[in-house]
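Raw contents of entry12.cif, mmCIF, C-alpha atoms:
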```cif
data_my_file
loop_
_atom_site.group_PDB
_atom_site.id
_atom_site.type_symbol
_atom_site.label_atom_id
_atom_site.label_comp_id
_atom_site.auth_asym_id
_atom_site.auth_seq_id
_atom_site.Cartn_x
_atom_site.Cartn_y
_atom_site.Cartn_z
ATOM 1 C CA MET F 21 13.230 -28.578 -20.897
ATOM 2 C CA PRO F 22 12.075 -24.955 -21.361
ATOM 3 C CA ASP F 23 13.774 -22.126 -19.487
ATOM 4 C CA ALA F 24 11.557 -20.624 -16.789
ATOM 5 C CA SER F 25 11.816 -17.538 -14.603
ATOM 6 C CA MET F 26 9.577 -16.273 -11.836
ATOM 7 C CA GLU F 27 8.894 -12.747 -10.594
ATOM 8 C CA ILE F 28 7.203 -11.817 -7.335
ATOM 9 C CA ALA F 29 5.403 -8.505 -6.864
ATOM 10 C CA VAL F 30 3.322 -6.863 -4.145
ATOM 11 C CA GLN F 31 0.241 -5.059 -5.444
ATOM 12 C CA PRO F 32 -1.454 -2.652 -3.033
ATOM 13 C CA MET F 33 -4.946 -1.711 -4.150
ATOM 14 C CA GLY F 34 -7.791 0.458 -2.978
ATOM 15 C CA TYR F 35 -11.364 1.351 -3.805
ATOM 16 C CA PHE F 36 -13.363 4.304 -2.535
ATOM 17 C CA ALA F 37 -16.960 5.251 -3.361
ATOM 18 C CA TYR F 38 -19.045 8.041 -1.864
ATOM 19 C CA GLN F 39 -22.699 8.898 -2.435
ATOM 20 C CA LYS F 40 -24.569 11.313 -0.162
ATOM 21 C CA ALA F 41 -24.019 10.003 3.398
ATOM 22 C CA ALA F 42 -22.939 6.505 2.326
ATOM 23 C CA TYR F 43 -19.344 5.550 1.629
ATOM 24 C CA ASP F 44 -17.409 2.402 0.849
ATOM 25 C CA TYR F 45 -13.661 2.090 1.367
ATOM 26 C CA MET F 46 -11.816 -1.122 0.583
ATOM 27 C CA PRO F 47 -8.008 -1.339 0.862
ATOM 28 C CA GLY F 48 -6.319 -4.528 -0.291
ATOM 29 C CA LEU F 49 -3.036 -6.253 -0.939
ATOM 30 C CA LEU F 50 -2.204 -8.979 -3.453
ATOM 31 C CA PHE F 51 0.995 -10.994 -3.842
ATOM 32 C CA ARG F 52 1.507 -11.736 -7.553
ATOM 33 C CA TYR F 53 3.720 -14.541 -8.841
ATOM 34 C CA THR F 54 4.545 -14.262 -12.549
ATOM 35 C CA LEU F 55 6.012 -17.193 -14.439
ATOM 36 C CA HIS F 56 7.706 -16.713 -17.822
ATOM 37 C CA GLU F 57 8.554 -19.829 -19.778
ATOM 38 C CA GLN F 58 10.658 -19.790 -22.934
ATOM 39 C CA SER F 59 10.467 -22.530 -25.523
ATOM 40 C CA LYS F 60 13.716 -24.398 -26.073
ATOM 41 C CA TYR F 61 13.091 -24.713 -29.821
ATOM 42 C CA THR F 62 11.295 -21.550 -30.956
ATOM 43 C CA GLY F 63 12.475 -19.012 -28.384
ATOM 44 C CA LEU F 64 8.889 -17.812 -27.909
ATOM 45 C CA THR F 65 7.945 -16.824 -24.375
ATOM 46 C CA LYS F 66 4.633 -17.631 -22.704
ATOM 47 C CA GLY F 67 3.620 -16.042 -19.431
ATOM 48 C CA ALA F 68 1.138 -16.715 -16.682
ATOM 49 C CA ALA F 69 0.588 -15.404 -13.178
ATOM 50 C CA PHE F 70 -1.398 -16.018 -10.052
ATOM 51 C CA SER F 71 -2.205 -13.583 -7.280
ATOM 52 C CA LEU F 72 -3.190 -14.312 -3.709
ATOM 53 C CA GLY F 73 -4.267 -11.785 -1.101
ATOM 54 C CA GLY F 74 -7.314 -10.014 0.169
ATOM 55 C CA TYR F 75 -9.319 -6.855 0.698
ATOM 56 C CA TYR F 76 -10.947 -5.378 3.777
ATOM 57 C CA ARG F 77 -14.236 -3.496 3.425
ATOM 58 C CA ILE F 78 -13.939 -1.100 6.362
ATOM 59 C CA GLN F 79 -16.244 -2.087 9.250
ATOM 60 C CA ASP F 80 -17.979 -4.734 7.160
ATOM 61 C CA ALA F 81 -16.090 -7.634 5.564
ATOM 62 C CA PHE F 82 -12.822 -9.399 4.780
ATOM 63 C CA ILE F 83 -12.452 -10.711 1.226
ATOM 64 C CA PRO F 84 -9.713 -13.302 0.522
ATOM 65 C CA THR F 85 -8.949 -13.357 -3.213
ATOM 66 C CA LEU F 86 -7.219 -15.587 -5.781
ATOM 67 C CA PHE F 87 -6.522 -14.589 -9.408
ATOM 68 C CA ILE F 88 -5.114 -16.751 -12.205
ATOM 69 C CA GLU F 89 -3.898 -14.896 -15.296
ATOM 70 C CA THR F 90 -3.050 -16.251 -18.714
ATOM 71 C CA ASP F 91 -2.718 -14.296 -21.948
ATOM 72 C CA SER F 92 -5.143 -11.350 -21.735
ATOM 73 C CA PHE F 93 -7.556 -13.017 -19.294
ATOM 74 C CA ALA F 94 -7.639 -13.120 -15.506
ATOM 75 C CA PHE F 95 -10.038 -15.415 -13.648
ATOM 76 C CA GLY F 96 -10.757 -14.531 -10.031
ATOM 77 C CA LEU F 97 -12.341 -16.276 -7.079
ATOM 78 C CA SER F 98 -13.036 -14.524 -3.796
ATOM 79 C CA TYR F 99 -15.138 -15.062 -0.695
ATOM 80 C CA ASP F 100 -16.928 -12.154 0.968
ATOM 81 C CA LEU F 101 -16.750 -12.946 4.699
ATOM 82 C CA THR F 102 -18.958 -10.605 6.754
ATOM 83 C CA THR F 103 -17.326 -9.297 9.951
ATOM 84 C CA SER F 104 -19.875 -6.621 10.936
ATOM 85 C CA THR F 105 -23.104 -6.940 12.913
ATOM 86 C CA LEU F 106 -24.774 -7.985 9.657
ATOM 87 C CA SER F 107 -23.216 -11.422 10.182
ATOM 88 C CA ALA F 108 -26.110 -12.201 12.553
ATOM 89 C CA ASN F 109 -28.491 -11.817 9.590
ATOM 90 C CA ASN F 110 -26.589 -14.154 7.288
ATOM 91 C CA TYR F 111 -25.597 -16.636 10.048
ATOM 92 C CA SER F 112 -21.896 -15.689 9.620
ATOM 93 C CA ARG F 113 -21.907 -17.034 6.075
ATOM 94 C CA GLY F 114 -20.363 -15.002 3.329
ATOM 95 C CA GLY F 115 -20.628 -15.463 -0.381
ATOM 96 C CA PHE F 116 -18.419 -16.659 -3.214
ATOM 97 C CA GLU F 117 -17.678 -14.202 -5.980
ATOM 98 C CA ILE F 118 -16.187 -14.912 -9.390
ATOM 99 C CA SER F 119 -14.673 -12.418 -11.785
ATOM 100 C CA LEU F 120 -13.313 -12.290 -15.300
ATOM 101 C CA ARG F 121 -10.933 -9.569 -16.473
ATOM 102 C CA TYR F 122 -9.696 -8.871 -19.996
ATOM 103 C CA VAL F 123 -6.531 -6.790 -20.532
ATOM 104 C CA ASN F 124 -5.514 -5.381 -23.923
ATOM 105 C CA PRO F 125 -2.712 -5.425 -24.947
ATOM 106 C CA ASN F 126 -1.678 -8.819 -23.627
ATOM 107 C CA PRO F 127 0.630 -8.132 -20.636
ATOM 108 C CA PHE F 128 2.604 -11.351 -21.258
ATOM 109 C CA LYS F 129 3.345 -10.711 -24.938
ATOM 110 C CA PRO F 130 6.936 -9.590 -25.509
ATOM 111 C CA LYS F 131 7.433 -5.997 -26.535
ATOM 112 C CA SER F 132 8.577 -5.319 -30.079
ATOM 113 C CA GLN F 133 12.310 -4.907 -30.468
ATOM 114 C CA ALA F 134 11.952 -2.859 -33.687
ATOM 115 C CA ARG F 135 13.934 0.350 -33.724
ATOM 116 C CA PHE F 136 13.275 3.290 -35.990
ATOM 117 C CA TYR F 137 15.935 5.941 -36.551
#
```

Let me see whether you can do it: turn the structure in this file into C-alpha coordinates.
Amino acid sequence: MPDASMEIAVQPMGYFAYQKAAYDYMPGLLFRYTLHEQSKYTGLTKGAAFSLGGYYRIQDAFIPTLFIETDSFAFGLSYDLTTSTLSANNYSRGGFEISLRYVNPNPFKPKSQARFY
(Lines of atoms letter the chains of each structure in order from A and count residues from 1; the text may use other names and numbers.)
(Lines give C-alpha, C1' and ligand atoms only; values in the text may rest on other atoms or scores of the structure.)
Protein backbone atom coordinates (compact mmCIF):
# COMPACT_ATOMS: atom_id res chain seq x y z
CA MET A 1 0.00 0.00 0.00
CA PRO A 2 1.36 3.47 -0.90
CA ASP A 3 2.42 5.89 1.82
CA ALA A 4 0.05 8.85 2.14
CA SER A 5 0.20 12.13 4.04
CA MET A 6 -2.34 14.91 4.37
CA GLU A 7 -1.90 18.64 4.97
CA ILE A 8 -4.61 21.07 6.01
CA ALA A 9 -4.39 24.78 5.26
CA VAL A 10 -6.62 27.82 5.70
CA GLN A 11 -6.67 30.15 2.69
CA PRO A 12 -8.12 33.62 3.27
CA MET A 13 -8.93 35.40 0.02
CA GLY A 14 -10.32 38.71 -1.10
CA TYR A 15 -11.39 40.56 -4.21
CA PHE A 16 -11.99 44.28 -4.60
CA ALA A 17 -13.05 46.19 -7.72
CA TYR A 18 -13.93 49.86 -8.03
CA GLN A 19 -15.24 51.79 -11.02
CA LYS A 20 -16.69 55.29 -10.67
CA ALA A 21 -19.38 55.02 -7.95
CA ALA A 22 -19.70 51.23 -8.14
CA TYR A 23 -17.62 48.85 -6.06
CA ASP A 24 -17.47 45.13 -5.40
CA TYR A 25 -15.82 43.63 -2.33
CA MET A 26 -15.76 39.89 -1.75
CA PRO A 27 -13.86 38.38 1.21
CA GLY A 28 -13.63 34.60 1.43
CA LEU A 29 -12.13 31.68 3.27
CA LEU A 30 -11.26 28.21 1.97
CA PHE A 31 -10.11 25.14 3.90
CA ARG A 32 -7.69 23.18 1.70
CA TYR A 33 -6.88 19.50 2.25
CA THR A 34 -3.80 18.32 0.35
CA LEU A 35 -3.08 14.63 -0.07
CA HIS A 36 0.38 13.39 -1.09
CA GLU A 37 0.71 9.75 -2.02
CA GLN A 38 4.04 8.05 -2.62
CA SER A 39 4.37 4.93 -4.72
CA LYS A 40 5.72 1.92 -2.85
CA TYR A 41 7.72 0.73 -5.87
CA THR A 42 8.94 3.83 -7.73
CA GLY A 43 9.10 6.40 -4.93
CA LEU A 44 7.29 8.93 -7.15
CA THR A 45 4.85 11.22 -5.37
CA LYS A 46 1.45 12.24 -6.72
CA GLY A 47 -0.57 15.00 -5.12
CA ALA A 48 -4.15 16.17 -5.12
CA ALA A 49 -6.19 18.58 -3.05
CA PHE A 50 -9.71 19.73 -2.43
CA SER A 51 -10.87 23.01 -0.96
CA LEU A 52 -14.17 23.82 0.69
CA GLY A 53 -15.34 27.23 1.85
CA GLY A 54 -17.10 30.29 0.62
CA TYR A 55 -17.11 33.97 -0.26
CA TYR A 56 -19.41 36.80 0.75
CA ARG A 57 -20.17 39.56 -1.76
CA ILE A 58 -20.83 42.45 0.62
CA GLN A 59 -24.55 43.31 0.82
CA ASP A 60 -25.40 40.99 -2.05
CA ALA A 61 -24.62 37.26 -1.97
CA PHE A 62 -23.05 34.27 -0.24
CA ILE A 63 -21.08 31.90 -2.47
CA PRO A 64 -20.27 28.40 -1.14
CA THR A 65 -17.36 26.93 -3.12
CA LEU A 66 -15.70 23.56 -3.75
CA PHE A 67 -12.40 23.07 -5.63
CA ILE A 68 -10.75 19.80 -6.66
CA GLU A 69 -7.10 20.04 -7.73
CA THR A 70 -4.97 17.50 -9.53
CA ASP A 71 -1.69 18.11 -11.34
CA SER A 72 -1.83 21.66 -12.75
CA PHE A 73 -5.64 21.83 -12.98
CA ALA A 74 -8.27 22.92 -10.48
CA PHE A 75 -11.97 22.36 -11.14
CA GLY A 76 -14.39 24.50 -9.15
CA LEU A 77 -18.09 24.45 -8.43
CA SER A 78 -19.86 27.24 -6.58
CA TYR A 79 -23.40 28.49 -6.06
CA ASP A 80 -24.16 32.21 -6.03
CA LEU A 81 -26.93 32.58 -3.42
CA THR A 82 -28.46 36.08 -3.47
CA THR A 83 -29.05 37.59 -0.02
CA SER A 84 -29.90 41.18 -1.02
CA THR A 85 -33.23 42.70 -2.06
CA LEU A 86 -32.50 41.41 -5.57
CA SER A 87 -33.58 37.97 -4.32
CA ALA A 88 -37.20 39.08 -4.89
CA ASN A 89 -36.40 39.39 -8.61
CA ASN A 90 -34.88 35.94 -8.95
CA TYR A 91 -37.33 34.23 -6.53
CA SER A 92 -34.47 33.57 -4.05
CA ARG A 93 -32.74 31.31 -6.56
CA GLY A 94 -29.06 31.69 -7.14
CA GLY A 95 -26.94 30.26 -9.89
CA PHE A 96 -24.35 27.53 -10.28
CA GLU A 97 -20.91 28.57 -11.44
CA ILE A 98 -18.11 26.36 -12.71
CA SER A 99 -14.46 27.27 -13.05
CA LEU A 100 -11.27 25.81 -14.43
CA ARG A 101 -7.83 26.96 -13.28
CA TYR A 102 -4.44 26.05 -14.72
CA VAL A 103 -1.28 26.54 -12.62
CA ASN A 104 2.24 26.37 -14.07
CA PRO A 105 4.51 24.99 -12.72
CA ASN A 106 2.62 22.03 -11.32
CA PRO A 107 2.26 22.69 -7.55
CA PHE A 108 2.29 18.94 -6.76
CA LYS A 109 5.48 18.11 -8.67
CA PRO A 110 8.45 17.60 -6.35
CA LYS A 111 11.12 20.26 -6.42
CA SER A 112 14.47 19.35 -7.94
CA GLN A 113 17.07 18.22 -5.44
CA ALA A 114 19.98 19.17 -7.74
CA ARG A 115 22.66 21.24 -6.08
CA PHE A 116 25.19 23.38 -7.89
CA TYR A 117 28.34 24.56 -6.13

Evaluate the PyMOL selection byres ((chain F and resi 29-42) around 12) and report residues as a VMD selection string: chain F and resid 26 to 28 43 to 55 69 to 78

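Using only C-alpha atoms for every distance, the candidate list F:Ile118, F:Ile88, F:Phe82, F:Ser25 yields F:Phe82 as the residue closest to Leu101 in chain F.
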
Counting only C-alpha atoms, the residue of F:Asp91, F:Ser104, F:Pro125, F:Lys60 that sits nearest Gln79 in chain F: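 With only C-alpha atoms as the atom set, the closest residue is F:Ser104.
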
Distance of CA of Gly67 in chain F from CA of Glu117 in chain F, expressed in Å to one decimal place: 25.3 Å

Chain and number of each residue from the PyMOL selection byres ((chain F and resi 128) around 12), as a list in words: Thr54, Leu55, His56, Glu57, Gln58, Leu64, Thr65, Lys66, Gly67, Ala68, Ala69, Glu89, Thr90, Asp91, Ser92, Phe93, Ala94, Val123, Asn124, Pro125, Asn126, Pro127, Lys129, Pro130 and Lys131 of chain F

Residue neighbourhood Phe116 in chain F, 10 Å, all atoms listed in the file, exclusion window fewer than 5 positions, as a list of chain:residue names: F:Ile83, F:Leu97, F:Ser98, F:Tyr99, F:Asp100, F:Leu101
